[in-house]
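Okay, my_file06.txt now, which holds compact mmCIF, C-alpha atoms and all ligand atoms:
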# COMPACT_ATOMS: atom_id res chain seq x y z
CA MET R 1 -95.30 -43.16 35.30
CA SER R 2 -93.58 -45.23 32.63
CA LYS R 3 -95.02 -45.06 29.13
CA THR R 4 -97.02 -47.97 27.70
CA ARG R 5 -94.67 -49.97 25.46
CA ILE R 6 -95.98 -50.57 21.93
CA LEU R 7 -94.67 -53.23 19.57
CA GLN R 8 -95.12 -52.29 15.90
CA VAL R 9 -95.21 -55.46 13.80
CA GLY R 10 -94.54 -54.10 10.31
CA PRO R 11 -93.84 -50.73 8.64
CA LEU R 12 -96.68 -48.48 7.52
CA THR R 13 -96.21 -45.12 5.80
CA GLU R 14 -93.19 -43.03 6.78
CA ARG R 15 -95.66 -40.49 8.20
CA PHE R 16 -97.21 -43.18 10.44
CA ASN R 17 -93.84 -44.59 11.51
CA GLN R 18 -92.58 -41.13 12.46
CA ARG R 19 -95.76 -40.12 14.31
CA ILE R 20 -95.92 -43.29 16.38
CA ALA R 21 -92.24 -42.87 17.32
CA ARG R 22 -92.93 -39.23 18.28
CA GLU R 23 -96.02 -39.89 20.39
CA HIS R 24 -95.31 -43.29 21.93
CA ASP R 25 -92.67 -45.64 23.27
CA VAL R 26 -92.63 -47.87 20.19
CA THR R 27 -90.31 -50.66 19.07
CA PRO R 28 -90.30 -51.81 15.42
CA LEU R 29 -90.37 -55.62 15.50
CA TRP R 30 -89.25 -56.01 11.89
CA GLN R 31 -86.00 -54.15 12.63
CA GLN R 32 -84.86 -56.63 15.28
CA ALA R 33 -81.92 -58.74 14.11
CA ASP R 34 -83.05 -61.87 15.96
CA ILE R 35 -86.83 -61.65 16.44
CA PRO R 36 -87.30 -64.83 18.55
CA ALA R 37 -84.47 -63.82 20.88
CA PHE R 38 -85.83 -60.25 21.12
CA LEU R 39 -89.31 -61.53 21.99
CA ALA R 40 -87.96 -63.98 24.56
CA GLU R 41 -86.05 -61.19 26.25
CA GLN R 42 -88.49 -58.25 26.01
CA GLY R 43 -91.89 -59.73 25.02
CA ALA R 44 -93.33 -59.35 28.53
CA SER R 45 -92.81 -55.57 28.49
CA PHE R 46 -95.30 -54.84 25.67
CA GLU R 47 -98.96 -54.04 26.37
CA VAL R 48 -99.99 -52.87 22.89
CA VAL R 49 -99.37 -54.19 19.39
CA ALA R 50 -99.69 -51.81 16.43
CA THR R 51 -100.17 -53.73 13.21
CA SER R 52 -102.01 -53.79 9.89
CA ALA R 53 -104.28 -56.11 7.92
CA ARG R 54 -101.17 -57.02 5.94
CA ALA R 55 -98.73 -57.60 8.84
CA GLY R 56 -101.38 -59.21 11.07
CA CYS R 57 -100.91 -60.61 14.56
CA LYS R 58 -100.77 -64.39 14.72
CA VAL R 59 -101.35 -66.46 17.83
CA GLU R 60 -97.59 -67.20 18.00
CA LEU R 61 -96.91 -63.48 18.48
CA ILE R 62 -99.65 -63.21 21.12
CA ASP R 63 -98.05 -66.19 22.89
CA ALA R 64 -94.73 -64.31 22.98
CA LEU R 65 -96.33 -61.23 24.61
CA PRO R 66 -97.72 -62.40 27.97
CA ASN R 67 -98.79 -58.90 29.11
CA LEU R 68 -100.43 -57.87 25.85
CA LYS R 69 -103.70 -55.99 26.37
CA ALA R 70 -104.58 -54.43 22.99
CA ILE R 71 -103.96 -55.05 19.28
CA CYS R 72 -104.60 -51.93 17.18
CA SER R 73 -104.67 -52.65 13.47
CA PHE R 74 -104.64 -50.49 10.32
CA GLY R 75 -107.28 -51.84 7.91
CA VAL R 76 -110.75 -53.28 8.43
CA GLY R 77 -110.06 -56.93 7.60
CA ALA R 78 -109.20 -58.90 10.74
CA ASP R 79 -108.55 -62.23 9.03
CA SER R 80 -104.79 -61.91 9.61
CA ILE R 81 -105.30 -61.31 13.35
CA ALA R 82 -105.96 -64.10 15.86
CA VAL R 83 -109.10 -62.32 17.12
CA ALA R 84 -110.72 -65.30 18.85
CA GLU R 85 -107.54 -66.19 20.76
CA ALA R 86 -107.03 -62.53 21.69
CA ARG R 87 -110.59 -62.28 23.05
CA GLN R 88 -110.17 -65.48 25.06
CA ARG R 89 -107.20 -63.87 26.80
CA GLY R 90 -108.99 -60.57 27.38
CA ILE R 91 -106.91 -58.75 24.77
CA GLN R 92 -108.83 -56.00 22.95
CA VAL R 93 -108.60 -55.65 19.17
CA SER R 94 -109.32 -52.59 17.04
CA VAL R 95 -109.56 -52.14 13.27
CA THR R 96 -110.33 -49.09 11.08
CA PRO R 97 -113.90 -49.50 9.83
CA ASP R 98 -116.10 -46.99 7.97
CA VAL R 99 -113.40 -44.44 7.07
CA LEU R 100 -112.48 -46.56 4.03
CA ASN R 101 -116.01 -47.44 2.83
CA ASP R 102 -116.18 -44.72 0.15
CA CYS R 103 -112.88 -45.60 -1.51
CA VAL R 104 -113.42 -49.37 -1.49
CA ALA R 105 -116.98 -48.96 -2.82
CA ASP R 106 -115.71 -46.54 -5.50
CA LEU R 107 -113.11 -49.10 -6.55
CA ALA R 108 -115.70 -51.91 -6.70
CA ILE R 109 -117.83 -49.88 -9.12
CA GLY R 110 -114.71 -48.87 -11.04
CA LEU R 111 -113.66 -52.51 -11.39
CA LEU R 112 -117.15 -53.48 -12.51
CA ILE R 113 -117.15 -50.89 -15.28
CA ASP R 114 -113.51 -51.68 -16.14
CA THR R 115 -114.35 -55.35 -16.57
CA ALA R 116 -117.71 -55.10 -18.35
CA ARG R 117 -116.54 -52.37 -20.73
CA GLN R 118 -113.02 -53.83 -20.95
CA LEU R 119 -111.38 -50.47 -20.21
CA PRO R 120 -107.86 -51.79 -19.45
CA ALA R 121 -107.84 -53.91 -22.62
CA SER R 122 -109.22 -51.07 -24.81
CA ASP R 123 -106.56 -48.75 -23.41
CA ARG R 124 -103.87 -51.32 -24.32
CA PHE R 125 -105.48 -51.71 -27.78
CA LEU R 126 -105.16 -47.96 -28.45
CA ARG R 127 -101.61 -47.67 -27.08
CA GLU R 128 -100.48 -50.64 -29.17
CA GLY R 129 -101.67 -48.83 -32.34
CA LYS R 130 -104.35 -51.41 -33.09
CA TRP R 131 -107.11 -48.79 -33.49
CA LEU R 132 -105.42 -47.75 -36.75
CA SER R 133 -106.51 -51.08 -38.22
CA GLY R 134 -110.04 -51.38 -36.83
CA ASN R 135 -112.46 -50.77 -33.96
CA TYR R 136 -112.37 -52.44 -30.57
CA PRO R 137 -114.89 -55.32 -30.27
CA LEU R 138 -118.24 -54.68 -28.56
CA THR R 139 -118.45 -55.19 -24.80
CA ARG R 140 -121.24 -55.50 -22.17
CA LYS R 141 -123.58 -52.82 -20.80
CA VAL R 142 -123.35 -51.94 -17.08
CA SER R 143 -126.43 -49.82 -16.27
CA GLY R 144 -129.73 -51.49 -15.44
CA LYS R 145 -128.25 -54.94 -14.73
CA ASN R 146 -128.83 -57.33 -11.82
CA LEU R 147 -126.22 -56.87 -9.10
CA GLY R 148 -125.70 -59.53 -6.42
CA ILE R 149 -123.67 -58.44 -3.38
CA VAL R 150 -122.04 -61.12 -1.24
CA GLY R 151 -121.53 -59.37 2.11
CA LEU R 152 -123.91 -56.43 2.46
CA GLY R 153 -122.05 -54.82 5.36
CA ARG R 154 -120.56 -51.36 5.70
CA ILE R 155 -118.74 -51.46 2.33
CA GLY R 156 -121.40 -53.61 0.61
CA LYS R 157 -124.10 -51.04 1.44
CA ASP R 158 -122.01 -48.24 -0.07
CA ILE R 159 -121.53 -50.35 -3.21
CA ALA R 160 -125.32 -50.83 -3.37
CA LYS R 161 -125.89 -47.08 -2.99
CA ARG R 162 -123.60 -46.38 -5.93
CA ALA R 163 -125.09 -49.20 -8.06
CA ALA R 164 -128.58 -47.74 -7.51
CA GLY R 165 -127.33 -44.69 -9.40
CA PHE R 166 -126.72 -47.01 -12.36
CA ASP R 167 -130.36 -48.23 -12.17
CA MET R 168 -129.27 -51.71 -11.13
CA SER R 169 -131.55 -54.19 -9.38
CA ILE R 170 -129.82 -55.22 -6.16
CA ARG R 171 -130.04 -58.40 -4.11
CA TYR R 172 -127.61 -59.71 -1.50
CA HIS R 173 -126.38 -62.76 0.38
CA ASN R 174 -125.21 -62.61 4.01
CA ARG R 175 -125.37 -65.38 6.58
CA ARG R 176 -128.37 -63.57 8.03
CA GLN R 177 -130.93 -61.22 6.54
CA ASP R 178 -130.36 -57.59 7.52
CA PRO R 179 -133.70 -56.36 8.93
CA GLU R 180 -132.71 -52.75 8.22
CA SER R 181 -132.01 -53.31 4.53
CA ALA R 182 -134.67 -52.86 1.87
CA TYR R 183 -132.67 -54.88 -0.70
CA GLY R 184 -133.85 -58.38 -1.53
CA TYR R 185 -132.20 -61.08 0.60
CA GLU R 186 -131.09 -64.36 -0.96
CA ALA R 187 -130.24 -67.09 1.57
CA ASP R 188 -129.02 -69.33 -1.25
CA LEU R 189 -125.75 -68.09 -2.77
CA LEU R 190 -126.20 -70.23 -5.90
CA ALA R 191 -129.66 -68.74 -6.51
CA LEU R 192 -128.15 -65.24 -6.16
CA ALA R 193 -125.42 -66.13 -8.68
CA ARG R 194 -127.99 -67.49 -11.16
CA TRP R 195 -130.07 -64.29 -10.89
CA ALA R 196 -127.10 -61.87 -11.01
CA ASP R 197 -125.35 -60.40 -14.05
CA PHE R 198 -122.66 -59.12 -11.71
CA LEU R 199 -121.59 -60.63 -8.38
CA VAL R 200 -119.58 -58.29 -6.14
CA LEU R 201 -117.79 -59.78 -3.13
CA ALA R 202 -117.59 -57.58 -0.01
CA CYS R 203 -117.58 -60.15 2.81
CA PRO R 204 -114.65 -60.73 5.20
CA GLY R 205 -111.83 -63.20 4.46
CA GLY R 206 -110.76 -66.01 6.80
CA PRO R 207 -111.63 -69.71 7.07
CA ALA R 208 -115.44 -69.18 7.11
CA THR R 209 -115.47 -67.65 3.62
CA ARG R 210 -112.57 -69.60 2.09
CA HIS R 211 -113.52 -70.61 -1.48
CA LEU R 212 -117.12 -69.51 -0.91
CA ILE R 213 -117.06 -68.64 -4.59
CA ASP R 214 -116.23 -71.98 -6.16
CA ALA R 215 -116.63 -73.52 -9.64
CA GLU R 216 -120.35 -74.11 -9.04
CA VAL R 217 -121.07 -70.48 -8.10
CA LEU R 218 -119.01 -69.23 -11.06
CA ALA R 219 -120.92 -71.57 -13.42
CA ALA R 220 -124.20 -70.26 -11.99
CA LEU R 221 -123.05 -66.70 -12.70
CA GLY R 222 -122.48 -67.88 -16.23
CA PRO R 223 -120.77 -66.99 -19.54
CA GLN R 224 -122.14 -63.41 -19.51
CA GLY R 225 -121.62 -62.98 -15.77
CA ILE R 226 -118.90 -60.94 -14.08
CA VAL R 227 -117.42 -61.40 -10.61
CA VAL R 228 -115.80 -58.45 -8.83
CA ASN R 229 -113.70 -59.10 -5.74
CA ILE R 230 -112.68 -56.34 -3.33
CA SER R 231 -112.94 -58.58 -0.23
CA ARG R 232 -110.07 -61.06 0.16
CA GLY R 233 -108.38 -63.32 -2.40
CA THR R 234 -109.22 -66.40 -0.34
CA VAL R 235 -112.97 -65.91 -0.90
CA ILE R 236 -112.65 -67.13 -4.52
CA ASP R 237 -111.22 -70.51 -5.52
CA GLU R 238 -108.65 -68.87 -7.81
CA ALA R 239 -107.80 -72.04 -9.76
CA ALA R 240 -111.52 -72.53 -10.46
CA LEU R 241 -111.79 -68.87 -11.49
CA VAL R 242 -108.92 -69.15 -13.98
CA ALA R 243 -110.43 -72.36 -15.40
CA ALA R 244 -113.91 -70.77 -15.72
CA LEU R 245 -112.48 -67.75 -17.54
CA GLN R 246 -110.36 -69.96 -19.83
CA SER R 247 -113.30 -72.18 -20.77
CA GLY R 248 -115.74 -69.28 -21.19
CA ALA R 249 -117.95 -70.59 -18.36
CA LEU R 250 -117.58 -67.13 -16.75
CA GLY R 251 -117.84 -63.81 -18.60
CA GLY R 252 -115.24 -61.75 -16.73
CA ALA R 253 -113.54 -60.85 -13.46
CA GLY R 254 -112.48 -57.60 -11.79
CA LEU R 255 -110.03 -58.35 -9.00
CA ASP R 256 -108.36 -56.17 -6.36
CA VAL R 257 -107.29 -59.10 -4.15
CA PHE R 258 -105.66 -62.48 -4.79
CA GLU R 259 -105.07 -65.74 -2.95
CA ALA R 260 -101.26 -65.45 -2.84
CA GLU R 261 -100.82 -61.72 -3.40
CA PRO R 262 -98.67 -60.06 -4.55
CA LYS R 263 -98.45 -63.14 -6.80
CA VAL R 264 -101.20 -63.13 -9.44
CA PRO R 265 -101.89 -66.04 -11.82
CA GLU R 266 -100.19 -65.10 -15.10
CA ALA R 267 -102.95 -66.86 -17.03
CA LEU R 268 -105.11 -63.80 -16.23
CA PHE R 269 -102.69 -61.24 -17.72
CA ALA R 270 -103.68 -61.57 -21.37
CA MET R 271 -107.44 -61.86 -20.85
CA PRO R 272 -109.32 -58.78 -22.13
CA ASN R 273 -112.32 -59.54 -19.90
CA VAL R 274 -110.28 -59.30 -16.71
CA ALA R 275 -109.24 -56.16 -14.78
CA LEU R 276 -106.47 -56.55 -12.21
CA MET R 277 -105.60 -54.16 -9.38
CA PRO R 278 -102.73 -54.46 -6.84
CA HIS R 279 -104.94 -54.37 -3.68
CA ILE R 280 -105.62 -50.63 -3.81
CA GLY R 281 -109.18 -50.56 -2.42
CA SER R 282 -108.44 -48.05 0.34
CA ALA R 283 -105.23 -46.66 -1.16
CA THR R 284 -105.96 -42.95 -1.54
CA GLU R 285 -104.17 -40.14 0.30
CA GLU R 286 -107.36 -39.07 2.08
CA THR R 287 -108.49 -42.50 3.20
CA ARG R 288 -105.08 -43.78 4.27
CA LEU R 289 -104.65 -40.65 6.44
CA ALA R 290 -108.08 -41.23 8.01
CA MET R 291 -107.13 -44.87 8.68
CA GLU R 292 -103.85 -43.83 10.29
CA ASN R 293 -105.65 -41.30 12.49
CA LEU R 294 -108.11 -43.96 13.62
CA VAL R 295 -105.25 -46.28 14.64
CA PHE R 296 -103.82 -43.44 16.75
CA ASP R 297 -107.26 -42.68 18.23
CA ASN R 298 -107.63 -46.34 19.22
CA ILE R 299 -104.17 -46.49 20.83
CA ARG R 300 -104.82 -43.24 22.70
CA ALA R 301 -108.28 -44.39 23.87
CA PHE R 302 -106.82 -47.65 25.13
CA ILE R 303 -103.96 -45.97 26.99
CA ASP R 304 -106.17 -43.24 28.50
CA ASN R 305 -109.41 -45.13 29.17
CA GLY R 306 -108.59 -48.82 28.81
CA GLU R 307 -110.99 -49.29 25.87
CA VAL R 308 -110.31 -49.30 22.13
CA LEU R 309 -112.91 -47.44 20.03
CA THR R 310 -113.51 -49.60 16.97
CA PRO R 311 -113.35 -53.38 17.53
CA PRO R 312 -113.88 -55.71 14.52
P1 LIG R 401 -118.66 -55.68 7.55
O1 LIG R 401 -119.38 -54.40 7.77
O2 LIG R 401 -118.39 -56.56 8.71
O3 LIG R 401 -119.50 -56.50 6.45
C1 LIG R 401 -119.26 -57.81 6.13
C2 LIG R 401 -120.53 -58.43 5.56
O4 LIG R 401 -120.24 -59.77 5.14
C3 LIG R 401 -121.66 -58.52 6.56
O5 LIG R 401 -122.83 -58.06 5.95
C4 LIG R 401 -121.77 -60.02 6.90
O6 LIG R 401 -123.12 -60.36 7.16
C5 LIG R 401 -121.24 -60.65 5.61
N1 LIG R 401 -120.65 -61.96 5.86
C6 LIG R 401 -119.79 -62.31 6.84
N2 LIG R 401 -119.48 -63.61 6.76
C7 LIG R 401 -120.16 -64.10 5.69
C8 LIG R 401 -120.26 -65.38 5.11
N3 LIG R 401 -119.62 -66.44 5.64
N4 LIG R 401 -121.05 -65.52 4.02
C9 LIG R 401 -121.72 -64.47 3.52
N5 LIG R 401 -121.67 -63.23 4.04
C10 LIG R 401 -120.90 -63.05 5.12
O7 LIG R 401 -117.27 -55.46 6.86
P2 LIG R 401 -116.81 -54.25 5.89
O8 LIG R 401 -116.26 -53.16 6.72
O9 LIG R 401 -117.90 -53.96 4.91
O10 LIG R 401 -115.56 -54.95 5.16
C11 LIG R 401 -115.73 -56.15 4.41
C12 LIG R 401 -114.41 -56.71 3.98
O11 LIG R 401 -113.88 -55.95 2.91
C13 LIG R 401 -113.30 -56.69 5.02
O12 LIG R 401 -113.40 -57.76 5.94
C14 LIG R 401 -112.05 -56.79 4.17
O13 LIG R 401 -111.65 -58.13 4.02
C15 LIG R 401 -112.49 -56.22 2.82
N6 LIG R 401 -111.77 -54.99 2.52
C16 LIG R 401 -110.98 -54.94 1.41
C17 LIG R 401 -110.30 -53.77 1.09
C18 LIG R 401 -109.45 -53.66 -0.13
O14 LIG R 401 -108.50 -52.89 -0.13
N7 LIG R 401 -109.74 -54.38 -1.20
C19 LIG R 401 -110.39 -52.66 1.93
C20 LIG R 401 -111.21 -52.75 3.04
C21 LIG R 401 -111.89 -53.91 3.33
P3 LIG R 401 -123.46 -61.61 8.13
O15 LIG R 401 -122.71 -61.39 9.39
O16 LIG R 401 -124.95 -61.59 8.30
O17 LIG R 401 -123.03 -62.83 7.39

Written as structure tokens, how would this file's structure read?
Amino acid sequence: MSKTRILQVGPLTERFNQRIAREHDVTPLWQQADIPAFLAEQGASFEVVATSARAGCKVELIDALPNLKAICSFGVGADSIAVAEARQRGIQVSVTPDVLNDCVADLAIGLLIDTARQLPASDRFLREGKWLSGNYPLTRKVSGKNLGIVGLGRIGKDIAKRAAGFDMSIRYHNRRQDPESAYGYEADLLALARWADFLVLACPGGPATRHLIDAEVLAALGPQGIVVNISRGTVIDEAALVAALQSGALGGAGLDVFEAEPKVPEALFAMPNVALMPHIGSATEETRLAMENLVFDNIRAFIDNGEVLTPP
């Protein structure tokens, strides 16, 4: 029996690239000299796409693969994958949920403390020799504050669990109340922002959440308020965010994701009340290995049993 042909959209780690080549009949799309010509000639022979939240799988690629049956992605965000179109055509999609919750939740809390206590700026202050001429200015307390979580899902719940250890009061905003959650539900995002000292974003990206956090929400969070974003850059209106930080309408921002990453607005670079991370939420050795393994488990489950394990 011939092996299932897999099209890998973009490179992952060397370890992943080598393992997929060892275990499967895989073709790296990004290495093709003329991608449209390659797809026109061989597109019909692929049944599986291996991709990532970064490389995605747009509807144009699905169109070029008429016998595609499964898209297996590395990462939990499916906003770069044409999930609805795939489902319409009976194509299964898998992502890598849960195995990254700890690391992304850890980073959210880290960013919150970084921003409120201005850790990156105080580190720069010391390294630049400024401590020799005086103390660093006072910052804001973290423990015991009001934490609003936008998107109390798998990662959001792990953020809440950690925040409880800092004696924070926790409320959340989802589209629907979670009947299993004991945290206070706020149907009105603006009301949550007015109540919160800190607003942490852990919802998905994509058109439904684009600019959910706009100038009005940032103003409601206020001059002492801090927004932390580990979700997707598109969730915040970045121009409004920069303006709110410049005018003092917002107290601070801790950001792991950006609208046009890896491009980051340079206006943020010099602000002491801003902490900036290069999209490293899940980027630890342990978690990335677990994510890779889950991609392989999904591919194997699809090939052996016709069903992926972890759809979005
Ligand atoms: P999840 O379990 O599906 O949780 C998402 C939560 O967001 C749900 O509680 C959902 O509740 C809520 N939500 C969805 N649409 C919403 C909307 N329009 N307005 C308000 N709330 C909404 O997902 P997860 O596994 O926790 O992952 C969340 C996201 O984190 C991913 O999609 C990804 O973009 C991001 N992420 C980032 C990194 C990083 O490296 N920074 C790593 C992993 C994941 P309702 O359905 O009731 O609205």

Review point. Using only C-alpha atoms and all ligand atoms, what are the residues with an atom within 8 Å of ligand LIG 401 (chain R), set out as a ChimeraX atom specification?
Key: /R:75-79,97-98,100-101,104,150-157,173-178,202-205,208-209,212,229-232,256-257,279-283,312

Study note, to complete from the structure: Judged by all atoms listed in the file, the minimum distance to Met271 in chain R among R:Ser122, R:Ser169, R:Thr310, R:Asn135 is found for R:Ser122

Check your understanding: Which of these residues is nearest to Ala290 in chain R, using all atoms listed in the file: R:Leu190, R:Pro36, R:Val264, R:Phe16?
Key ->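 Of the candidates, the smallest distance to Ala290 in chain R is held by R:Phe16.
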
Exercise for review: Go through R:Leu119, R:Ala37, R:Met168, R:Val9 one by one, measure the shortest atom-to-atom distance of each to Ser143 in chain R using all atoms listed in the file, and give the residue with the smallest value.
Suggested key: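 For Ser143 in chain R, the nearest of the given residues is R:Met168.
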
**Study point:** Residue neighbourhood Ala163 in chain R, 10 Å, only C-alpha atoms, exclusion window fewer than 2 positions, as a count of residues only
**Key:** 20

Review point. R:Ser94, R:Gln246, R:Thr13, R:Thr27: which is nearest Val274 in chain R, counting only C-alpha atoms?
Key: R:Gln246

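Taking CA of Ala193 in chain R and CA of Gly148 in chain R as the two end points, the separation is 7.0 Å.
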
Practice item. Can you pull out every residue within 6 Å of range 182-189 of chain R, counting all atoms listed in the file, but drop anything in the same chain fewer than 2 positions away, and send it as a ChimeraX atom specification? Key: /R:171-173,191-192

Review point. What gap, in Å, lies between CA of Glu261 in chain R and CA of Val200 in chain R?
Key: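 Computing it gives 19.3 Å between the two atoms.
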